[in-house]
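Have a look at input.txt below; it lists compact mmCIF, C-alpha atoms.
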```txt
# COMPACT_ATOMS: atom_id res chain seq x y z
CA MET F 580 38.66 -4.54 -96.80
CA ILE F 581 40.07 -7.87 -95.65
CA LYS F 582 41.78 -6.03 -92.82
CA LYS F 583 38.41 -4.58 -91.73
CA ILE F 584 36.75 -8.00 -91.80
CA MET F 585 39.61 -9.48 -89.83
CA LEU F 586 39.30 -6.64 -87.32
CA TYR F 587 35.55 -7.25 -86.92
CA ILE F 588 36.15 -10.98 -86.51
CA ALA F 589 38.83 -10.33 -83.88
CA ILE F 590 36.51 -7.99 -81.98
CA ALA F 591 33.68 -10.55 -82.17
CA VAL F 592 35.95 -13.34 -80.90
CA PHE F 593 37.14 -11.11 -78.07
CA LEU F 594 33.60 -10.20 -77.01
CA ILE F 595 32.41 -13.78 -77.21
CA SER F 596 35.31 -15.01 -75.11
CA ALA F 597 34.78 -12.23 -72.52
CA ALA F 598 31.04 -12.90 -72.09
CA PRO F 599 31.42 -15.93 -69.76
CA VAL F 600 33.87 -14.00 -67.60
CA LEU F 601 31.41 -11.13 -67.29
CA ALA F 602 28.59 -13.54 -66.46
CA ARG F 603 30.62 -15.17 -63.69
CA THR F 604 31.54 -11.80 -62.24
CA THR F 605 27.91 -10.75 -62.19
CA THR F 606 26.85 -14.04 -60.59
CA ASN F 607 29.56 -13.73 -57.92
CA ALA F 608 28.57 -10.14 -57.19
CA THR F 609 24.91 -11.10 -56.96
CA SER F 610 25.58 -14.01 -54.62
CA THR F 611 27.82 -11.82 -52.46
CA ARG F 612 25.10 -9.19 -52.31
CA LEU F 613 22.51 -11.84 -51.37
CA GLU F 614 24.79 -13.18 -48.64
CA LYS F 615 25.24 -9.70 -47.21
CA MET F 616 21.49 -9.11 -47.27
CA GLN F 617 20.91 -12.41 -45.46
CA GLU F 618 23.49 -11.49 -42.82
CA ARG F 619 21.77 -8.12 -42.32
CA ARG F 620 18.40 -9.82 -41.92
CA GLU F 621 19.83 -12.19 -39.31
CA ARG F 622 21.43 -9.33 -37.38
CA LEU F 623 18.15 -7.40 -37.53
CA ALA F 624 16.23 -10.44 -36.24
CA GLU F 625 18.69 -10.81 -33.36
CA TYR F 626 18.36 -7.09 -32.62
CA ARG F 627 14.58 -7.34 -32.57
CA ILE F 628 14.65 -10.36 -30.27
CA ARG F 629 17.04 -8.54 -27.94
CA ASN F 630 14.73 -5.50 -27.88
CA ILE F 631 11.69 -7.67 -27.25
CA ARG F 632 13.45 -9.36 -24.32
CA ARG F 633 14.52 -5.99 -22.92
CA PHE F 634 11.01 -4.54 -23.26
CA PHE F 635 9.38 -7.59 -21.70
CA GLY F 636 11.96 -7.63 -18.90
CA ASN F 637 11.22 -4.01 -18.04
CA MET F 638 7.50 -4.64 -18.22
CA SER F 639 7.66 -7.76 -16.04
CA ARG F 640 9.81 -5.95 -13.44
CA ARG F 641 7.20 -3.21 -13.22
CA ILE F 642 4.38 -5.72 -12.93
CA GLU F 643 6.25 -7.70 -10.26
CA ALA F 644 6.87 -4.49 -8.32
CA ALA F 645 3.17 -3.65 -8.48
CA ILE F 646 2.31 -7.13 -7.23
CA ARG F 647 4.78 -6.76 -4.34
CA ARG F 648 3.23 -3.41 -3.42
CA LEU F 649 -0.24 -4.97 -3.42
CA GLU F 650 0.98 -7.83 -1.23
CA ARG F 651 2.48 -5.39 1.27
CA LEU F 652 -0.71 -3.38 1.28
CA ALA F 653 -2.71 -6.57 1.88
CA GLU F 654 -0.47 -7.39 4.85
CA ARG F 655 -0.99 -3.93 6.30
CA ILE F 656 -4.75 -4.21 5.86
CA GLU F 657 -4.68 -7.62 7.49
CA SER F 658 -2.84 -6.26 10.52
CA ARG F 659 -5.36 -3.41 10.73
CA ILE F 660 -8.21 -5.93 10.57
CA GLU F 661 -6.66 -7.89 13.44
CA LYS F 662 -6.34 -4.75 15.56
CA MET F 663 -9.95 -3.80 14.89
CA LYS F 664 -11.09 -7.35 15.71
CA GLU F 665 -9.36 -7.08 19.08
CA GLU F 666 -11.30 -3.87 19.69
CA GLY F 667 -14.50 -5.82 19.04
CA LYS F 668 -15.48 -4.19 15.75
CA ASP F 669 -17.22 -6.05 12.90
CA VAL F 670 -14.69 -6.55 10.11
CA SER F 671 -16.30 -9.40 8.18
CA VAL F 672 -16.79 -7.33 5.01
CA ALA F 673 -13.18 -6.19 5.08
CA GLU F 674 -12.01 -9.80 5.58
CA THR F 675 -14.06 -10.91 2.59
CA GLU F 676 -12.66 -8.14 0.40
CA LEU F 677 -9.13 -8.92 1.57
CA ALA F 678 -9.56 -12.60 0.74
CA GLU F 679 -10.86 -11.67 -2.70
CA ALA F 680 -7.89 -9.35 -3.22
CA ARG F 681 -5.43 -12.11 -2.28
CA VAL F 682 -7.07 -14.46 -4.79
CA LYS F 683 -6.76 -11.82 -7.51
CA ILE F 684 -3.12 -11.17 -6.59
CA ASN F 685 -2.40 -14.89 -6.94
CA GLU F 686 -4.21 -14.92 -10.29
CA ALA F 687 -2.03 -12.02 -11.44
CA ILE F 688 1.12 -13.89 -10.38
CA SER F 689 0.11 -17.01 -12.30
CA ALA F 690 -0.90 -14.92 -15.33
CA LEU F 691 2.52 -13.25 -15.28
CA GLU F 692 4.19 -16.66 -15.28
CA ASP F 693 2.01 -17.63 -18.25
CA ALA F 694 3.10 -14.45 -20.04
CA LYS F 695 6.76 -15.31 -19.43
CA ALA F 696 6.19 -18.78 -20.89
CA GLY F 697 4.35 -17.20 -23.81
CA LEU F 698 7.30 -14.93 -24.45
CA LYS F 699 9.67 -17.89 -24.69
CA ALA F 700 7.33 -19.53 -27.19
CA ALA F 701 7.00 -16.28 -29.13
CA LEU F 702 10.75 -15.82 -29.43
CA ALA F 703 11.16 -19.40 -30.62
CA SER F 704 8.58 -18.92 -33.39
CA ASP F 705 9.39 -18.04 -36.98
CA THR F 706 7.86 -14.57 -36.63
CA PRO F 707 8.76 -13.33 -33.15
CA LYS F 708 7.46 -9.82 -33.78
CA GLU F 709 3.89 -10.95 -34.49
CA ALA F 710 3.98 -13.55 -31.73
CA PHE F 711 5.15 -10.95 -29.22
CA VAL F 712 2.24 -8.69 -30.13
CA LYS F 713 -0.07 -11.56 -29.14
CA VAL F 714 1.79 -12.02 -25.85
CA ARG F 715 1.68 -8.32 -25.08
CA GLU F 716 -1.94 -7.80 -26.06
CA GLY F 717 -3.34 -11.00 -24.59
CA LEU F 718 -1.40 -12.12 -21.58
CA VAL F 719 0.24 -8.97 -20.28
CA LYS F 720 -2.89 -6.86 -20.54
CA GLY F 721 -4.71 -9.67 -18.72
CA VAL F 722 -2.13 -9.47 -15.91
CA ILE F 723 -2.61 -5.72 -15.67
CA GLU F 724 -6.38 -6.12 -15.50
CA LYS F 725 -5.97 -8.65 -12.66
CA ILE F 726 -3.70 -6.26 -10.79
CA LYS F 727 -6.25 -3.49 -11.17
CA ALA F 728 -8.99 -5.80 -9.88
CA ALA F 729 -6.85 -6.78 -6.88
CA HIS F 730 -6.16 -3.12 -6.14
CA GLN F 731 -9.87 -2.34 -6.33
CA ALA F 732 -10.62 -5.17 -3.88
CA LEU F 733 -8.01 -3.79 -1.48
CA VAL F 734 -9.57 -0.35 -1.74
CA GLU F 735 -12.96 -1.87 -0.92
CA ALA F 736 -11.42 -3.62 2.10
CA ILE F 737 -10.06 -0.30 3.34
CA ARG F 738 -13.42 1.37 2.83
CA ALA F 739 -15.08 -1.40 4.82
CA LEU F 740 -12.77 -0.65 7.74
CA GLU F 741 -13.82 2.99 7.97
```
Would you mind writing the file out in structure tokens?
Amino acid sequence: MIKKIMLYIAIAVFLISAAPVLARTTTNATSTRLEKMQERRERLAEYRIRNIRRFFGNMSRRIEAAIRRLERLAERIESRIEKMKEEGKDVSVAETELAEARVKINEAISALEDAKAGLKAALASDTPKEAFVKVREGLVKGVIEKIKAAHQALVEAIRALE
């Protein structure tokens, strides 16, 4: 009987002495797991920022190319207007439409620059994903609308020449 009591006491002492070791192991494992999760979150945030930059870069290149095409078209229309003026034709409506188109092209260029500045601010914010949605929805769509308006004005200038 005494041997059984001594055995139970020895087991109890062993378990009590092992409890702090188990607690430290669990705490170390938990902190290691939390550190790994934090590292993953940081890598994911960097990945998202890189993707946002890549997407915006592609989008801005396309928009800039569209603006360049509109500028070239405006130059061609302007040369056509000059030729028709020399022939003595009335081109005042076409000149007005061309001037309006150039104003809209310049507005699109400045709006694109604003969008680029907005992107930098969005990436610097605490929540770049939500901030980028605002940049994309607000500024970039505004640039696209200005490009469409400039294109429409150029079309009207061409129609006035016919």
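The nearest approach to Ala653 in chain F among the residues F:Ala690, F:Leu733, F:Met616, F:Ala589, with only C-alpha atoms taken into account, belongs to F:Leu733.
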> So which residues fall inside 12 Å of (9.5, -10.7, -23.0) if we count all atoms listed in the file? Mind giving them as an NGL selection string?
Replying inline: :F and (627-640 or 691-703 or 707-708 or 710-715 or 718-719)
>> Under the rule that all atoms listed in the file are counted, which of F:Glu625, F:Glu618, F:Glu735, F:Glu643 is the nearest residue to Ala687 in chain F?
In response: F:Glu643
> What does the distance between CA of Val670 in chain F and CA of Ile642 in chain F come to in Å, to one decimal place?
Replying inline: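 That distance, rounded to one decimal, is 29.9 Å.
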> Near Glu679 in chain F, counting all atoms listed in the file, which residues have an atom at most 12 Å away, once you skip same-chain residues fewer than 6 positions from it, shown as a PyMOL selection string?
Replying inline: chain F and resi 653+672-673+685-686+725+728-736
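Taking CA of Ala645 in chain F as the reference point, CA of Ser689 in chain F is found at 14.2 Å.
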To test the calculation: enclose all listed atoms of range 641-652 of chain F in a box whose edges run along x, y and z, add 3 Å on each side, then state centre and edge lengths in Å to one decimal, as JSON.
```
{"center_x": 3.2, "center_y": -5.5, "center_z": -6.0, "size_x": 13.9, "size_y": 10.6, "size_z": 20.5}
```
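Using only C-alpha atoms, the smallest distance between any of F:Ala739, F:Ile660, F:Ala624, F:Ile684 and Ile646 in chain F comes from F:Ile684.
Note that CA of Ser658 in chain F and CA of Val722 in chain F are 26.6 Å apart.
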